[in-house]
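**Q** Sharing input.cif, mmCIF, C-alpha atoms:
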```cif
data_structure
#
loop_
_atom_site.label_atom_id
_atom_site.label_comp_id
_atom_site.auth_asym_id
_atom_site.auth_seq_id
_atom_site.Cartn_x
_atom_site.Cartn_y
_atom_site.Cartn_z
CA MET A 1 97.70 78.66 93.67
CA GLY A 2 97.67 81.82 95.81
CA ILE A 3 94.94 82.77 98.25
CA LEU A 4 93.86 85.65 95.98
CA GLU A 5 93.99 83.74 92.70
CA GLY A 6 91.69 85.35 90.13
CA LYS A 7 90.55 88.18 92.39
CA LYS A 8 90.41 91.80 91.25
CA ILE A 9 91.33 94.39 93.84
CA LEU A 10 91.49 98.19 94.08
CA ILE A 11 94.13 99.52 96.45
CA ALA A 12 93.49 103.20 97.13
CA GLY A 13 96.17 105.46 98.55
CA VAL A 14 99.46 103.87 97.44
CA LEU A 15 102.21 106.49 97.68
CA THR A 16 105.65 105.02 98.41
CA GLU A 17 107.31 101.63 98.78
CA ALA A 18 107.32 102.23 102.54
CA SER A 19 103.52 102.17 102.69
CA ILE A 20 101.36 99.30 103.92
CA ALA A 21 99.31 99.73 100.74
CA PHE A 22 102.34 99.00 98.55
CA SER A 23 103.17 95.92 100.60
CA ALA A 24 99.56 94.75 100.27
CA ALA A 25 99.61 95.34 96.50
CA LYS A 26 102.85 93.38 96.10
CA ILE A 27 101.66 90.46 98.20
CA ALA A 28 98.25 90.47 96.51
CA GLN A 29 99.88 90.11 93.10
CA GLU A 30 102.14 87.35 94.39
CA GLN A 31 98.99 85.60 95.63
CA GLY A 32 97.35 85.74 92.21
CA ALA A 33 95.30 88.96 92.26
CA THR A 34 94.85 91.58 89.56
CA VAL A 35 95.52 94.93 91.22
CA VAL A 36 94.54 98.50 90.34
CA LEU A 37 96.02 101.41 92.30
CA SER A 38 94.73 104.93 92.89
CA ASN A 39 95.86 108.34 94.05
CA PHE A 40 95.46 111.95 92.90
CA GLY A 41 97.08 115.35 92.49
CA ARG A 42 100.82 115.51 92.97
CA ALA A 43 100.74 112.02 94.47
CA LEU A 44 99.35 110.57 91.23
CA SER A 45 102.70 110.64 89.43
CA LEU A 46 104.38 109.08 92.47
CA CYS A 47 101.80 106.31 92.45
CA GLN A 48 102.36 105.72 88.73
CA ARG A 49 106.10 105.34 89.33
CA ILE A 50 105.52 103.02 92.28
CA ALA A 51 103.16 100.90 90.16
CA LYS A 52 106.14 99.97 87.98
CA ARG A 53 107.99 98.52 90.97
CA LEU A 54 105.39 95.85 91.62
CA PRO A 55 105.93 92.31 90.32
CA GLN A 56 103.58 93.27 87.46
CA GLU A 57 103.01 96.94 86.67
CA ALA A 58 99.54 97.89 87.87
CA PRO A 59 97.20 100.39 86.21
CA VAL A 60 96.53 103.57 88.15
CA VAL A 61 93.27 105.54 88.30
CA GLU A 62 92.89 109.07 89.61
CA LEU A 63 90.82 109.21 92.78
CA ASP A 64 90.38 112.10 95.19
CA VAL A 65 87.85 110.88 97.77
CA THR A 66 86.66 114.45 98.34
CA ASN A 67 85.82 114.87 94.65
CA THR A 68 82.25 113.81 93.87
CA GLU A 69 82.96 113.44 90.15
CA HIS A 70 85.87 111.10 90.83
CA LEU A 71 83.62 108.99 93.06
CA SER A 72 80.65 108.94 90.68
CA THR A 73 82.78 107.83 87.72
CA LEU A 74 85.03 105.41 89.60
CA ALA A 75 83.12 102.23 88.73
CA ASP A 76 83.17 102.98 85.00
CA ARG A 77 86.85 103.89 85.06
CA LEU A 78 87.70 100.70 86.92
CA ARG A 79 85.78 98.63 84.37
CA GLU A 80 88.25 99.82 81.72
CA HIS A 81 91.03 98.00 83.58
CA LEU A 82 89.07 95.01 84.85
CA GLY A 83 87.53 93.53 81.74
CA GLY A 84 84.85 95.89 80.44
CA ALA A 85 81.13 96.25 81.08
CA ASP A 86 80.75 92.92 82.89
CA ALA A 87 83.78 93.44 85.13
CA SER A 88 83.49 92.83 88.86
CA LEU A 89 85.57 93.83 91.86
CA ASP A 90 86.42 91.39 94.64
CA GLY A 91 88.18 93.67 97.07
CA VAL A 92 88.96 97.25 98.06
CA VAL A 93 91.79 98.46 100.29
CA HIS A 94 91.25 101.86 101.91
CA SER A 95 94.70 103.24 102.72
CA ILE A 96 93.63 106.85 102.89
CA GLY A 97 94.12 109.30 105.73
CA PHE A 98 94.98 112.94 106.17
CA ALA A 99 94.75 115.63 108.81
CA PRO A 100 96.15 119.16 108.51
CA GLN A 101 99.11 119.90 110.76
CA GLU A 102 96.83 122.32 112.62
CA ALA A 103 94.66 119.36 113.67
CA MET A 104 97.50 117.42 115.31
CA GLY A 105 99.87 117.99 118.19
CA GLU A 106 98.72 119.52 121.46
CA GLY A 107 95.84 121.95 121.94
CA PHE A 108 93.12 119.46 120.99
CA PRO A 109 90.09 121.57 122.03
CA GLU A 110 91.50 124.65 120.31
CA VAL A 111 91.48 123.19 116.80
CA ALA A 112 89.17 124.94 114.32
CA TRP A 113 86.32 122.90 112.84
CA GLU A 114 87.62 123.33 109.30
CA HIS A 115 90.79 121.41 110.18
CA ALA A 116 88.98 118.70 112.13
CA ALA A 117 86.39 118.40 109.35
CA THR A 118 89.11 117.72 106.79
CA ALA A 119 90.48 114.91 108.96
CA PHE A 120 87.02 113.35 109.30
CA GLN A 121 86.11 113.65 105.61
CA VAL A 122 89.35 112.25 104.24
CA SER A 123 90.12 109.69 106.93
CA ALA A 124 86.70 108.35 108.00
CA TRP A 125 83.81 109.36 105.73
CA SER A 126 85.85 108.29 102.72
CA LEU A 127 85.65 104.63 103.77
CA ALA A 128 81.90 104.82 103.21
CA SER A 129 82.08 106.94 100.05
CA LEU A 130 84.75 104.72 98.47
CA THR A 131 82.80 101.58 99.34
CA GLN A 132 79.62 103.06 97.87
CA ALA A 133 81.47 104.09 94.68
CA CYS A 134 82.71 100.53 94.22
CA ARG A 135 79.44 98.88 95.22
CA PRO A 136 78.09 98.49 91.63
CA LEU A 137 81.11 96.29 90.85
CA PHE A 138 80.97 94.02 93.88
CA GLY A 139 80.34 90.39 93.15
CA GLU A 140 79.61 87.75 95.74
CA LYS A 141 81.89 87.67 98.78
CA ALA A 142 83.53 91.05 98.21
CA SER A 143 85.86 92.33 100.92
CA VAL A 144 86.66 95.89 102.02
CA VAL A 145 89.74 96.38 104.19
CA GLY A 146 90.80 99.66 105.79
CA LEU A 147 93.82 100.68 107.84
CA THR A 148 93.61 102.21 111.30
CA PHE A 149 95.78 103.04 114.30
CA ASP A 150 94.17 101.75 117.49
CA ALA A 151 91.63 104.39 118.48
CA THR A 152 90.53 102.89 121.79
CA VAL A 153 92.85 105.25 123.68
CA ALA A 154 94.06 108.84 123.38
CA TRP A 155 97.59 109.07 122.02
CA PRO A 156 100.06 111.93 122.46
CA VAL A 157 100.36 114.35 119.49
CA TYR A 158 97.82 112.42 117.34
CA GLY A 159 95.11 114.97 118.00
CA TRP A 160 92.07 115.01 115.71
CA MET A 161 93.57 112.28 113.56
CA GLY A 162 92.95 109.99 116.51
CA ALA A 163 89.34 111.11 116.70
CA ALA A 164 89.02 110.54 112.95
CA LYS A 165 90.40 107.02 113.33
CA ALA A 166 87.77 106.35 116.01
CA ALA A 167 85.17 107.50 113.49
CA LEU A 168 86.75 105.25 110.86
CA GLU A 169 86.45 102.25 113.17
CA SER A 170 82.78 103.03 113.85
CA THR A 171 82.17 103.57 110.13
CA SER A 172 83.55 100.12 109.37
CA ARG A 173 81.06 98.55 111.76
CA TYR A 174 78.09 100.38 110.26
CA LEU A 175 79.20 99.37 106.77
CA ALA A 176 79.60 95.77 107.92
CA ARG A 177 76.06 95.83 109.29
CA GLU A 178 74.51 97.32 106.17
CA LEU A 179 76.46 95.45 103.49
CA GLY A 180 76.58 92.07 105.17
CA PRO A 181 73.30 90.92 103.58
CA GLU A 182 74.93 91.58 100.19
CA GLY A 183 77.83 89.30 101.09
CA VAL A 184 80.27 92.19 101.55
CA ARG A 185 82.71 91.98 104.46
CA VAL A 186 84.23 95.14 105.98
CA ASN A 187 87.22 94.89 108.31
CA LEU A 188 90.18 96.96 109.49
CA VAL A 189 93.84 96.26 110.17
CA ALA A 190 95.27 98.18 113.14
CA ALA A 191 99.00 98.34 112.48
CA GLY A 192 101.64 99.48 114.90
CA PRO A 193 103.77 102.54 114.07
CA LEU A 194 105.58 102.30 110.75
CA ARG A 195 107.82 104.84 109.06
CA THR A 196 105.33 105.64 106.34
CA MET A 197 104.66 109.11 104.95
CA ALA A 198 101.57 109.25 107.15
CA MET A 199 103.51 108.56 110.34
CA LYS A 200 106.30 110.94 109.40
CA SER A 201 103.76 113.75 109.09
CA ILE A 202 102.81 113.42 112.77
CA PRO A 203 104.80 115.78 115.01
CA GLY A 204 106.62 113.82 117.71
CA SER A 205 105.86 110.42 116.20
CA SER A 206 109.13 109.07 117.62
CA GLN A 207 107.22 108.64 120.90
CA PHE A 208 105.25 105.81 119.31
CA GLU A 209 108.38 104.03 118.13
CA GLU A 210 109.93 104.21 121.60
CA ALA A 211 106.79 102.86 123.26
CA TRP A 212 106.52 99.90 120.88
CA GLU A 213 110.21 99.08 121.19
CA ALA A 214 109.81 98.88 124.96
CA GLN A 215 106.47 97.08 125.25
CA ALA A 216 105.45 95.00 122.21
CA PRO A 217 105.64 91.34 123.36
CA LEU A 218 106.65 90.08 119.90
CA GLY A 219 108.93 93.02 119.26
CA TRP A 220 108.27 95.49 116.48
CA SER A 221 110.06 96.79 113.39
CA VAL A 222 109.01 100.27 112.30
CA THR A 223 110.30 99.60 108.79
CA ASP A 224 108.68 96.21 108.10
CA THR A 225 105.27 96.63 106.43
CA GLY A 226 105.14 92.95 105.47
CA PRO A 227 103.07 91.68 108.44
CA SER A 228 100.42 94.37 107.92
CA GLY A 229 100.35 93.74 104.17
CA LYS A 230 99.85 90.03 104.78
CA ALA A 231 96.97 90.70 107.17
CA VAL A 232 95.28 92.91 104.57
CA CYS A 233 95.59 90.18 101.95
CA ALA A 234 94.32 87.52 104.34
CA LEU A 235 91.18 89.59 104.95
CA LEU A 236 90.75 90.10 101.21
CA SER A 237 90.88 86.35 100.68
CA ASP A 238 88.18 83.73 101.24
CA TRP A 239 89.90 82.51 104.41
CA PHE A 240 87.76 84.80 106.62
CA PRO A 241 84.30 84.13 105.16
CA ALA A 242 82.40 84.82 108.38
CA THR A 243 84.43 87.74 109.70
CA THR A 244 83.16 91.30 109.34
CA GLY A 245 83.14 94.44 111.47
CA GLU A 246 86.45 93.26 112.96
CA ILE A 247 89.70 95.06 113.77
CA VAL A 248 92.75 92.83 113.39
CA HIS A 249 95.72 94.14 115.37
CA VAL A 250 99.10 93.76 113.72
CA ASP A 251 101.20 95.53 116.32
CA GLY A 252 103.44 92.94 117.92
CA GLY A 253 100.87 92.50 120.68
CA PHE A 254 101.26 96.05 122.03
CA HIS A 255 97.49 96.57 122.34
CA ALA A 256 97.13 93.61 124.69
CA VAL A 257 99.52 94.67 127.44
CA GLY A 258 99.69 97.38 130.09
CA VAL A 259 102.75 99.06 131.54
#
```
How does this structure look as C-alpha cells?
**A**
Amino acid sequence: MGILEGKKILIAGVLTEASIAFSAAKIAQEQGATVVLSNFGRALSLCQRIAKRLPQEAPVVELDVTNTEHLSTLADRLREHLGGADASLDGVVHSIGFAPQEAMGEGFPEVAWEHAATAFQVSAWSLASLTQACRPLFGEKASVVGLTFDATVAWPVYGWMGAAKAALESTSRYLARELGPEGVRVNLVAAGPLRTMAMKSIPGSSQFEEAWEAQAPLGWSVTDTGPSGKAVCALLSDWFPATTGEIVHVDGGFHAVGV
C-alpha cells in the first residue's frame, strides 16, 4: 500500500514532463492517489497530452488562477472527476508561477507596477485563492503544498519573481495559521534549480546551475525532478501530521552552507 492510497489530489500547473508537478503527479499515482491536473489557455492542450503519459491518464480541468469564474466553479468541476456531490479532496499542489520578462533581470527598482503586480497575483496570491476555491471539498487532514525557490536572499536576475516568492512563503504561513483549526496543513517545497519551463524563462538562469554545482554538499542534478516530487508527495501524505507553515528544502543542502 502506498503512502497516498485512496487520496484524491489536484495538481495545478502541470506543463511538461520536466516539471516538478509532473513528477509529483507520477509519484502520487504510484503511491495510490487519484490525481486531477489543471492548466489553461495554450498550456491546456499541453497538459492534456502530458496527462496521457502518467501511469494512469489523469483528467484535466481548466484553471486560470486570475479568472474569478474559474475559481468560483472549481469545486463543482472537480466533483465531476472525484465521485460526484459527496466528493472530497485530500490534497492540492500549487505549481503555479509567472512573472513578465520585464519584471526580471536587472533594474529591479525600475520595474512598472503592472509587471510586478502580475508576478504577485499569479505567483503568490494564487496560493490563497486556489486554496479557498478548493476549501469546500477539503475533508479531514487535507494538505496544501506549494513550490518555491528560497526567498530568504536576493538572487541575481530573479528580480520581482524573487519578491513574489517571498510573498508566497509568507502567504503559506498565514494560510497555515488560519486553516490549521480545520485540520488543513499548508507547506512549501523549496527546490534547487531545475531545467523546467519556469527556470528556462529566467534570463541568465545558468548562474544558478553553476552555483549549485560548486556548492551543494550532496551534489545537484538540474534535470532530476524526482527528489522534489517525492518531497511534495511526502507532505501530501499522513506522514507529516503535525507539520504546517514549513518550508522543506530539496536543494542538495545548498541553503545550509556559505561560500
**Q** Selection in question (the file shown): the PyMOL selection byres ((chain A and resi 10-25) around 7). Which residues does it include, as a ChimeraX atom specification?
**A** /A:9,26-29,35-39,43,46-47,50,91-96,196,225-226,228-230,232-233
**Q** Write the residues of the preceding selection, restricted to C-alpha atoms, as a PDB file, keeping the file's coordinate frame.
**A**
```pdb
ATOM      1  CA  ILE A   9      91.330  94.390  93.840  1.00  0.00           C
ATOM      2  CA  LYS A  26     102.850  93.380  96.100  1.00  0.00           C
ATOM      3  CA  ILE A  27     101.660  90.460  98.200  1.00  0.00           C
ATOM      4  CA  ALA A  28      98.250  90.470  96.510  1.00  0.00           C
ATOM      5  CA  GLN A  29      99.880  90.110  93.100  1.00  0.00           C
ATOM      6  CA  VAL A  35      95.520  94.930  91.220  1.00  0.00           C
ATOM      7  CA  VAL A  36      94.540  98.500  90.340  1.00  0.00           C
ATOM      8  CA  LEU A  37      96.020 101.410  92.300  1.00  0.00           C
ATOM      9  CA  SER A  38      94.730 104.930  92.890  1.00  0.00           C
ATOM     10  CA  ASN A  39      95.860 108.340  94.050  1.00  0.00           C
ATOM     11  CA  ALA A  43     100.740 112.020  94.470  1.00  0.00           C
ATOM     12  CA  LEU A  46     104.380 109.080  92.470  1.00  0.00           C
ATOM     13  CA  CYS A  47     101.800 106.310  92.450  1.00  0.00           C
ATOM     14  CA  ILE A  50     105.520 103.020  92.280  1.00  0.00           C
ATOM     15  CA  GLY A  91      88.180  93.670  97.070  1.00  0.00           C
ATOM     16  CA  VAL A  92      88.960  97.250  98.060  1.00  0.00           C
ATOM     17  CA  VAL A  93      91.790  98.460 100.290  1.00  0.00           C
ATOM     18  CA  HIS A  94      91.250 101.860 101.910  1.00  0.00           C
ATOM     19  CA  SER A  95      94.700 103.240 102.720  1.00  0.00           C
ATOM     20  CA  ILE A  96      93.630 106.850 102.890  1.00  0.00           C
ATOM     21  CA  THR A 196     105.330 105.640 106.340  1.00  0.00           C
ATOM     22  CA  THR A 225     105.270  96.630 106.430  1.00  0.00           C
ATOM     23  CA  GLY A 226     105.140  92.950 105.470  1.00  0.00           C
ATOM     24  CA  SER A 228     100.420  94.370 107.920  1.00  0.00           C
ATOM     25  CA  GLY A 229     100.350  93.740 104.170  1.00  0.00           C
ATOM     26  CA  LYS A 230      99.850  90.030 104.780  1.00  0.00           C
ATOM     27  CA  VAL A 232      95.280  92.910 104.570  1.00  0.00           C
ATOM     28  CA  CYS A 233      95.590  90.180 101.950  1.00  0.00           C
TER      29      CYS A 233
END
```
**Q** Excluding A:Phe254 and residues on its chain fewer than 6 positions from it, collect all residues at most 7 Å away from it, counting only C-alpha atoms, and give them as a list in words.
**A**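 Near A:Phe254, the qualifying residues are Trp212, Gln215, Ala216 and Pro217 of chain A.
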**Q** Could you write out as a JSON list (two decimals) with C-alpha atoms, keeping the file's coordinate frame the residues that the PyMOL selection byres ((chain A and resi 73-83) around 12) matches in the shown file?
**A**
```json
[["chain", "number", "residue", "atom", "x", "y", "z"],
["A", 6, "GLY", "CA", 91.69, 85.35, 90.13],
["A", 7, "LYS", "CA", 90.55, 88.18, 92.39],
["A", 8, "LYS", "CA", 90.41, 91.80, 91.25],
["A", 9, "ILE", "CA", 91.33, 94.39, 93.84],
["A", 10, "LEU", "CA", 91.49, 98.19, 94.08],
["A", 11, "ILE", "CA", 94.13, 99.52, 96.45],
["A", 12, "ALA", "CA", 93.49, 103.20, 97.13],
["A", 33, "ALA", "CA", 95.30, 88.96, 92.26],
["A", 34, "THR", "CA", 94.85, 91.58, 89.56],
["A", 35, "VAL", "CA", 95.52, 94.93, 91.22],
["A", 36, "VAL", "CA", 94.54, 98.50, 90.34],
["A", 37, "LEU", "CA", 96.02, 101.41, 92.30],
["A", 38, "SER", "CA", 94.73, 104.93, 92.89],
["A", 58, "ALA", "CA", 99.54, 97.89, 87.87],
["A", 59, "PRO", "CA", 97.20, 100.39, 86.21],
["A", 60, "VAL", "CA", 96.53, 103.57, 88.15],
["A", 61, "VAL", "CA", 93.27, 105.54, 88.30],
["A", 62, "GLU", "CA", 92.89, 109.07, 89.61],
["A", 63, "LEU", "CA", 90.82, 109.21, 92.78],
["A", 64, "ASP", "CA", 90.38, 112.10, 95.19],
["A", 65, "VAL", "CA", 87.85, 110.88, 97.77],
["A", 67, "ASN", "CA", 85.82, 114.87, 94.65],
["A", 68, "THR", "CA", 82.25, 113.81, 93.87],
["A", 69, "GLU", "CA", 82.96, 113.44, 90.15],
["A", 70, "HIS", "CA", 85.87, 111.10, 90.83],
["A", 71, "LEU", "CA", 83.62, 108.99, 93.06],
["A", 72, "SER", "CA", 80.65, 108.94, 90.68],
["A", 84, "GLY", "CA", 84.85, 95.89, 80.44],
["A", 85, "ALA", "CA", 81.13, 96.25, 81.08],
["A", 86, "ASP", "CA", 80.75, 92.92, 82.89],
["A", 87, "ALA", "CA", 83.78, 93.44, 85.13],
["A", 88, "SER", "CA", 83.49, 92.83, 88.86],
["A", 89, "LEU", "CA", 85.57, 93.83, 91.86],
["A", 90, "ASP", "CA", 86.42, 91.39, 94.64],
["A", 92, "VAL", "CA", 88.96, 97.25, 98.06],
["A", 129, "SER", "CA", 82.08, 106.94, 100.05],
["A", 130, "LEU", "CA", 84.75, 104.72, 98.47],
["A", 131, "THR", "CA", 82.80, 101.58, 99.34],
["A", 132, "GLN", "CA", 79.62, 103.06, 97.87],
["A", 133, "ALA", "CA", 81.47, 104.09, 94.68],
["A", 134, "CYS", "CA", 82.71, 100.53, 94.22],
["A", 135, "ARG", "CA", 79.44, 98.88, 95.22],
["A", 136, "PRO", "CA", 78.09, 98.49, 91.63],
["A", 137, "LEU", "CA", 81.11, 96.29, 90.85],
["A", 138, "PHE", "CA", 80.97, 94.02, 93.88]]
```
**Q** Using only C-alpha atoms, can you tell me which of A:Ala163, A:Leu147, A:Leu235, A:Ala211 comes closest to A:Val184?
**A** A:Leu235
**Q** Could you work out how far atom CA of A:Ala256 lies from atom CA of A:Glu213, giving the answer in Å with one decimal?
**A**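 Taking atom CA of A:Glu213 as the start and atom CA of A:Ala256 as the end point, the length is 14.6 Å.
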**Q** How would you write as a list in words the residues that get within 12 Å of (94.0, 109.0, 119.2) in the file's frame, counting all atoms listed in the file?
**A**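 Those residues lying close to the given coordinates are Ala103, Met104, Gly105, Glu106, Phe108, Thr148, Phe149, Asp150, Ala151, Thr152, Val153, Ala154, Trp155, Pro156, Val157, Tyr158, Gly159, Trp160, Met161, Gly162, Ala163, Ala164, Lys165, Ala166, Ala167, Leu168, Glu169, Ile202 and Phe208 of chain A.
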**Q** Got a sec to resolve the PyMOL selection byres ((chain A and resi 4) around 6) on this structure and send the residues as a list in words?
**A** Gly2, Ile3, Glu5, Lys7, Gln31, Gly32, Ala33 and Ser237 of chain A
**Q** Counting all atoms listed in the file, which of A:Val122, A:Ala99, A:Leu44, A:Val144 gets nearest to A:Gly180?
**A**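 Counting all atoms listed in the file, the residue closest to A:Gly180 is A:Val144.
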**Q** Calculate how many Å separate atom CA of A:Thr66 from atom CA of A:Gln121, rounding to one decimal.
**A** 7.3 Å
**Q** Quick one: pull the distance between atom CA of A:Leu236 and atom CA of A:Arg185, Å, one decimal.
**A**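 Distance between the two atoms: 8.9 Å.
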**Q** Nearest to A:Ala231 among A:Leu127, A:Ala176, A:Val257, A:Val248, with distances taken over all atoms listed in the file: which residue is it?
**A**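 Closest to A:Ala231 of all the choices is A:Val248.
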